[in-house]
>>> print(open('work_29.txt').read())   # compact mmCIF, C-alpha atoms
# COMPACT_ATOMS: atom_id res chain seq x y z
CA MET A 1 63.80 62.92 85.11
CA LYS A 2 67.14 61.38 85.99
CA ALA A 3 66.79 57.82 87.26
CA VAL A 4 68.91 54.80 88.14
CA VAL A 5 67.44 51.41 87.21
CA LYS A 6 68.98 48.32 88.77
CA VAL A 7 68.22 44.88 87.37
CA GLY A 8 69.15 41.66 89.16
CA THR A 9 70.48 38.37 87.85
CA SER A 10 67.18 36.62 88.52
CA THR A 11 65.47 39.04 86.17
CA LEU A 12 68.02 38.73 83.37
CA ALA A 13 68.77 35.02 83.36
CA HIS A 14 67.02 31.68 83.46
CA ALA A 15 67.82 29.22 86.27
CA THR A 16 70.38 27.68 83.89
CA GLY A 17 72.37 30.91 83.94
CA ARG A 18 71.62 31.50 80.28
CA LEU A 19 70.20 34.84 79.17
CA ASN A 20 66.44 35.29 79.36
CA ILE A 21 66.13 36.69 75.85
CA ARG A 22 62.48 37.73 76.07
CA ARG A 23 63.09 39.55 79.36
CA ILE A 24 66.18 41.48 78.27
CA GLU A 25 64.60 42.40 74.94
CA GLY A 26 61.61 43.83 76.80
CA LEU A 27 63.84 45.71 79.23
CA CYS A 28 65.87 47.35 76.47
CA LYS A 29 62.73 48.30 74.53
CA VAL A 30 61.09 49.98 77.54
CA LEU A 31 64.27 51.79 78.63
CA SER A 32 64.79 53.01 75.07
CA ASP A 33 61.24 54.34 75.00
CA LEU A 34 61.71 56.10 78.34
CA LYS A 35 64.89 57.70 77.01
CA ASN A 36 62.99 58.80 73.92
CA ALA A 37 60.52 60.48 76.27
CA GLY A 38 63.36 62.60 77.66
CA HIS A 39 64.43 60.71 80.77
CA GLN A 40 68.10 60.27 81.64
CA ILE A 41 68.75 56.68 82.71
CA ILE A 42 71.67 54.87 84.29
CA LEU A 43 71.33 51.08 84.21
CA VAL A 44 73.01 49.07 86.96
CA SER A 45 73.07 45.49 85.73
CA SER A 46 73.96 42.34 87.60
CA GLY A 47 74.35 39.03 85.83
CA ALA A 48 77.97 38.72 84.72
CA ILE A 49 78.91 35.78 86.95
CA GLY A 50 75.62 33.96 86.35
CA MET A 51 75.91 34.31 82.61
CA GLY A 52 79.53 33.23 82.70
CA VAL A 53 78.49 30.09 84.56
CA GLY A 54 76.00 29.30 81.82
CA LYS A 55 78.40 30.17 79.00
CA LEU A 56 81.18 28.01 80.44
CA GLY A 57 78.82 25.11 81.12
CA LEU A 58 79.68 25.00 84.82
CA PRO A 59 77.40 22.93 87.10
CA GLY A 60 76.70 25.89 89.34
CA ARG A 61 78.04 29.13 90.78
CA PRO A 62 81.72 28.60 91.70
CA ALA A 63 82.77 28.74 95.34
CA ASP A 64 86.35 29.93 94.85
CA MET A 65 87.25 33.51 93.94
CA PRO A 66 89.37 32.82 90.81
CA ALA A 67 86.57 30.78 89.24
CA LYS A 68 84.01 33.48 90.08
CA GLN A 69 86.24 36.09 88.49
CA ALA A 70 86.78 33.91 85.42
CA ALA A 71 83.02 33.45 85.06
CA ALA A 72 82.54 37.20 85.42
CA ALA A 73 85.09 37.89 82.69
CA VAL A 74 83.26 35.60 80.26
CA GLY A 75 79.77 36.64 81.34
CA GLN A 76 80.41 40.39 81.18
CA CYS A 77 81.25 40.05 77.47
CA GLU A 78 77.96 38.28 76.77
CA LEU A 79 76.01 40.75 78.87
CA MET A 80 77.38 43.85 77.14
CA TYR A 81 77.12 42.26 73.70
CA ALA A 82 73.42 41.70 74.31
CA TYR A 83 72.86 45.24 75.60
CA ASP A 84 74.81 46.85 72.78
CA LYS A 85 72.96 44.87 70.13
CA LEU A 86 69.49 45.45 71.58
CA PHE A 87 69.85 49.16 72.40
CA SER A 88 71.39 49.79 68.99
CA GLU A 89 68.16 48.55 67.42
CA TYR A 90 66.46 51.56 69.03
CA ASN A 91 69.30 53.98 68.09
CA HIS A 92 70.73 54.30 71.59
CA THR A 93 74.42 54.16 72.44
CA VAL A 94 75.54 52.32 75.55
CA ALA A 95 78.68 52.75 77.64
CA GLN A 96 80.17 50.14 79.96
CA ILE A 97 81.46 51.19 83.38
CA LEU A 98 82.93 48.62 85.79
CA ILE A 99 83.79 49.84 89.27
CA THR A 100 84.96 48.74 92.71
CA SER A 101 84.35 50.30 96.12
CA GLU A 102 87.61 52.23 95.79
CA ASP A 103 86.11 54.15 92.90
CA LEU A 104 83.34 55.30 95.24
CA ALA A 105 85.37 55.77 98.42
CA ASP A 106 88.37 57.70 97.09
CA PRO A 107 87.35 61.38 96.61
CA GLU A 108 89.35 61.92 93.43
CA ARG A 109 88.24 58.69 91.79
CA SER A 110 84.67 59.28 92.88
CA GLU A 111 84.69 62.72 91.31
CA ASN A 112 86.14 61.31 88.08
CA LEU A 113 83.41 58.65 88.01
CA HIS A 114 80.73 61.27 88.63
CA ASN A 115 82.09 63.52 85.86
CA THR A 116 82.25 60.64 83.37
CA LEU A 117 78.69 59.53 84.09
CA ALA A 118 77.41 63.12 83.92
CA ARG A 119 79.09 63.71 80.57
CA LEU A 120 77.79 60.42 79.15
CA LEU A 121 74.27 61.49 80.08
CA GLU A 122 74.83 64.90 78.48
CA LEU A 123 75.95 63.14 75.30
CA GLY A 124 72.78 61.06 75.26
CA ALA A 125 74.47 57.74 76.05
CA LEU A 126 73.07 55.10 78.37
CA PRO A 127 75.69 54.13 80.98
CA ILE A 128 75.56 50.47 82.03
CA VAL A 129 77.28 49.96 85.37
CA ASN A 130 78.31 46.78 87.15
CA GLU A 131 80.71 45.93 89.92
CA ASN A 132 84.03 44.86 88.45
CA ASP A 133 83.65 41.24 89.54
CA THR A 134 86.70 40.19 87.50
CA VAL A 135 89.06 42.00 89.87
CA SER A 136 86.93 42.59 92.97
CA THR A 137 87.88 40.85 96.19
CA ALA A 138 86.40 41.12 99.66
CA GLU A 139 88.65 44.10 100.36
CA ILE A 140 87.57 46.21 97.38
CA ALA A 141 84.11 44.90 96.58
CA VAL A 142 81.11 47.21 96.85
CA GLY A 143 79.27 44.10 98.02
CA ASP A 144 76.04 44.21 96.06
CA ASN A 145 74.54 46.13 93.16
CA ASP A 146 71.62 47.43 95.24
CA THR A 147 74.09 49.44 97.31
CA LEU A 148 76.06 50.41 94.21
CA ALA A 149 72.91 51.70 92.52
CA ALA A 150 71.90 53.68 95.62
CA ARG A 151 75.31 55.31 95.90
CA LEU A 152 75.25 56.27 92.23
CA CYS A 153 71.75 57.68 92.65
CA ARG A 154 72.97 59.85 95.52
CA SER A 155 76.13 60.94 93.69
CA LEU A 156 74.29 61.95 90.53
CA GLN A 157 71.39 63.53 92.46
CA ALA A 158 68.92 61.38 90.57
CA GLU A 159 65.27 61.66 91.54
CA LEU A 160 64.48 57.95 91.44
CA LEU A 161 66.01 54.52 91.96
CA VAL A 162 64.12 51.52 90.59
CA ILE A 163 65.17 48.04 91.67
CA LEU A 164 63.78 45.28 89.44
CA SER A 165 63.93 41.85 91.03
CA ASP A 166 61.97 38.59 91.29
CA ILE A 167 59.90 39.95 94.18
CA ASP A 168 56.83 42.18 94.10
CA GLY A 169 58.03 44.54 96.83
CA LEU A 170 58.15 44.75 100.62
CA TYR A 171 55.58 42.73 102.58
CA THR A 172 54.36 43.05 106.15
CA ALA A 173 55.67 39.52 106.76
CA ASP A 174 57.29 36.66 104.90
CA PRO A 175 54.60 35.89 102.28
CA ARG A 176 55.67 32.25 102.03
CA ALA A 177 55.16 31.68 105.75
CA CYS A 178 52.26 34.07 106.24
CA PRO A 179 49.45 33.84 103.66
CA ASP A 180 47.93 37.02 105.12
CA ALA A 181 51.09 39.07 104.46
CA GLN A 182 50.25 42.33 102.72
CA LEU A 183 52.31 44.11 100.09
CA LEU A 184 53.23 47.59 101.29
CA ARG A 185 52.60 50.07 98.50
CA ARG A 186 54.14 53.15 100.13
CA VAL A 187 56.75 53.41 102.85
CA GLU A 188 57.44 56.77 104.46
CA ALA A 189 60.22 55.55 106.74
CA ILE A 190 62.29 52.36 106.97
CA THR A 191 61.82 51.13 110.53
CA PRO A 192 64.01 48.81 112.61
CA GLU A 193 61.14 46.28 112.48
CA MET A 194 61.31 46.24 108.68
CA GLU A 195 65.08 45.76 108.77
CA ALA A 196 64.76 42.93 111.30
CA LEU A 197 62.23 41.12 109.11
CA ALA A 198 64.36 41.52 106.01
CA GLY A 199 67.45 40.12 107.69
CA GLY A 200 65.79 37.27 109.53
CA ALA A 201 67.36 33.83 109.19
CA GLY A 202 65.54 31.63 106.73
CA SER A 203 63.32 34.47 105.58
CA SER A 204 62.46 34.54 101.90
CA LEU A 205 62.83 38.30 102.12
CA GLY A 206 66.36 37.94 103.42
CA THR A 207 67.44 35.28 100.98
CA GLY A 208 65.89 37.34 98.21
CA GLY A 209 68.13 40.27 99.10
CA MET A 210 65.54 42.46 100.82
CA ALA A 211 68.06 43.49 103.48
CA THR A 212 70.35 45.04 100.86
CA LYS A 213 67.37 46.73 99.23
CA LEU A 214 66.33 48.36 102.49
CA ARG A 215 69.90 49.59 103.01
CA ALA A 216 69.77 51.04 99.52
CA GLY A 217 66.43 52.63 100.36
CA LYS A 218 67.88 54.42 103.37
CA ILE A 219 70.73 55.84 101.27
CA VAL A 220 68.40 57.04 98.52
CA THR A 221 65.53 58.44 100.58
CA GLU A 222 67.90 60.28 102.92
CA ALA A 223 69.42 61.88 99.81
CA GLY A 224 65.99 63.13 98.76
CA ALA A 225 65.00 60.59 96.09
CA ASP A 226 62.29 57.95 95.87
CA MET A 227 63.05 54.24 95.53
CA VAL A 228 60.74 51.63 94.03
CA ILE A 229 61.11 47.85 94.33
CA ALA A 230 59.13 46.09 91.61
CA ASN A 231 58.97 42.68 89.96
CA GLY A 232 60.99 42.65 86.76
CA ARG A 233 59.13 39.77 85.13
CA ASP A 234 57.38 42.36 82.95
CA PRO A 235 59.71 45.32 82.24
CA ALA A 236 56.67 47.37 81.15
CA VAL A 237 56.13 47.98 84.88
CA LEU A 238 58.73 50.75 84.43
CA TYR A 239 56.14 52.87 82.60
CA THR A 240 53.91 52.81 85.65
CA VAL A 241 56.82 53.55 87.98
CA PHE A 242 58.09 56.52 85.95
CA GLU A 243 54.57 57.94 85.73
CA GLY A 244 54.21 57.77 89.51
CA GLY A 245 51.58 55.03 89.42
CA GLU A 246 51.11 52.14 91.81
CA ALA A 247 53.65 49.40 91.22
CA GLY A 248 55.62 47.39 93.76
CA THR A 249 56.68 49.30 96.87
CA ARG A 250 57.59 52.98 96.70
CA PHE A 251 59.87 54.33 99.44
CA LEU A 252 59.26 58.07 99.72
CA ALA A 253 62.08 60.60 99.84
CA ARG A 254 62.74 62.26 103.17
CA LYS A 255 61.13 65.69 102.88
CA GLU A 256 63.87 67.37 104.85
CA ALA A 257 66.63 65.86 102.72
CA ALA A 258 68.89 68.38 101.07
CA ARG A 259 69.08 68.13 97.30
>>> encode(input="work_29.txt", output="structure tokens")
Amino acid sequence: MKAVVKVGTSTLAHATGRLNIRRIEGLCKVLSDLKNAGHQIILVSSGAIGMGVGKLGLPGRPADMPAKQAAAAVGQCELMYAYDKLFSEYNHTVAQILITSEDLADPERSENLHNTLARLLELGALPIVNENDTVSTAEIAVGDNDTLAARLCRSLQAELLVILSDIDGLYTADPRACPDAQLLRRVEAITPEMEALAGGAGSSLGTGGMATKLRAGKIVTEAGADMVIANGRDPAVLYTVFEGGEAGTRFLARKEAAR
């Protein structure tokens, strides 16, 4: 199976911005094992700015663009160093790909990106993709890695997108405000009501990025692939997801979607 796995900053780093070593070691071990089982995997990894903040000893995430880009430049080095070291321990080769929205929007550049990723997979490498935060501005930014992962999933005709975050999945209501909120295990269609809940002001779902995840879900399911949102606190959840078991929330592919 060909799959895109997206991991968020909250999964990779502690609140200090420093790398969560236990978490990233577990992630690399599980992904290596899944590759050994014959799956083709593209990893979309956030975390460059957050790790740069920690590495530079800044008090918090910068507000101005040059400082964000400087933090991304420092943090991306640490991020890829960690991935290269850990995947090498399991005899897997990684490749770094940094992109902006122009690489996805321009037909020629998009085709070049697709061809590079496809060839890397053929060669047995594990592409690690992130938005190029060092040069991205509002005009050329993809905006978020959930959307980036979904667009890559569609471009490569992958069968599955997995989003690992600090949330268990999609609930019927804000679980912090509604103790009776239920985790939805399977979603056949993303409704306007779901989108309204995810984007509501002050909602933990909205602040946790659920709105972007639902947008990603629409892209992926309309392209004929499943999407799963799961909590990344234990990367072993990926085994359950890849085996089709119950984990997080699974958004089912549109049956009429053309593959």
>>> closest_residue(input="work_29.txt", among="A:Asp234, A:Ala63, A:Ala48, A:Leu43", to="Arg22 (chain A)", atoms="all atoms listed in the file")
A:Asp234
>>> closest_residue(input="work_29.txt", among="A:Val4, A:Val129, A:Val30, A:Ala225", to="Val237 (chain A)", atoms="only C-alpha atoms")
A:Val30
>>> closest_residue(input="work_29.txt", among="A:Leu19, A:Leu121, A:Val220, A:Met65", to="Arg254 (chain A)", atoms="only C-alpha atoms")
A:Val220
>>> residues_around(input="work_29.txt", residues="Tyr171 (chain A)", least_positions_apart="4", cutoff="10 Å", atoms="only C-alpha atoms", output="JSON, numbers by chain")
{"A": [167, 175, 178, 180, 181, 182, 183, 184, 185, 194, 197, 198, 205, 248, 249]}
>>> residues_around(input="work_29.txt", residues="Gly245 (chain A)", least_positions_apart="4", cutoff="12 Å", atoms="all atoms listed in the file", output="JSON, numbers by chain")
{"A": [185, 186, 228, 230, 237, 238, 239, 240, 241, 249, 250]}
>>> write_last_selection(input="work_29.txt", atoms="C-alpha atoms", output="PDB file, in the frame of the given file")
ATOM      1  CA  ARG A 185      52.600  50.070  98.500  1.00  0.00           C
ATOM      2  CA  ARG A 186      54.140  53.150 100.130  1.00  0.00           C
ATOM      3  CA  VAL A 228      60.740  51.630  94.030  1.00  0.00           C
ATOM      4  CA  ALA A 230      59.130  46.090  91.610  1.00  0.00           C
ATOM      5  CA  VAL A 237      56.130  47.980  84.880  1.00  0.00           C
ATOM      6  CA  LEU A 238      58.730  50.750  84.430  1.00  0.00           C
ATOM      7  CA  TYR A 239      56.140  52.870  82.600  1.00  0.00           C
ATOM      8  CA  THR A 240      53.910  52.810  85.650  1.00  0.00           C
ATOM      9  CA  VAL A 241      56.820  53.550  87.980  1.00  0.00           C
ATOM     10  CA  THR A 249      56.680  49.300  96.870  1.00  0.00           C
ATOM     11  CA  ARG A 250      57.590  52.980  96.700  1.00  0.00           C
TER      12      ARG A 250
END
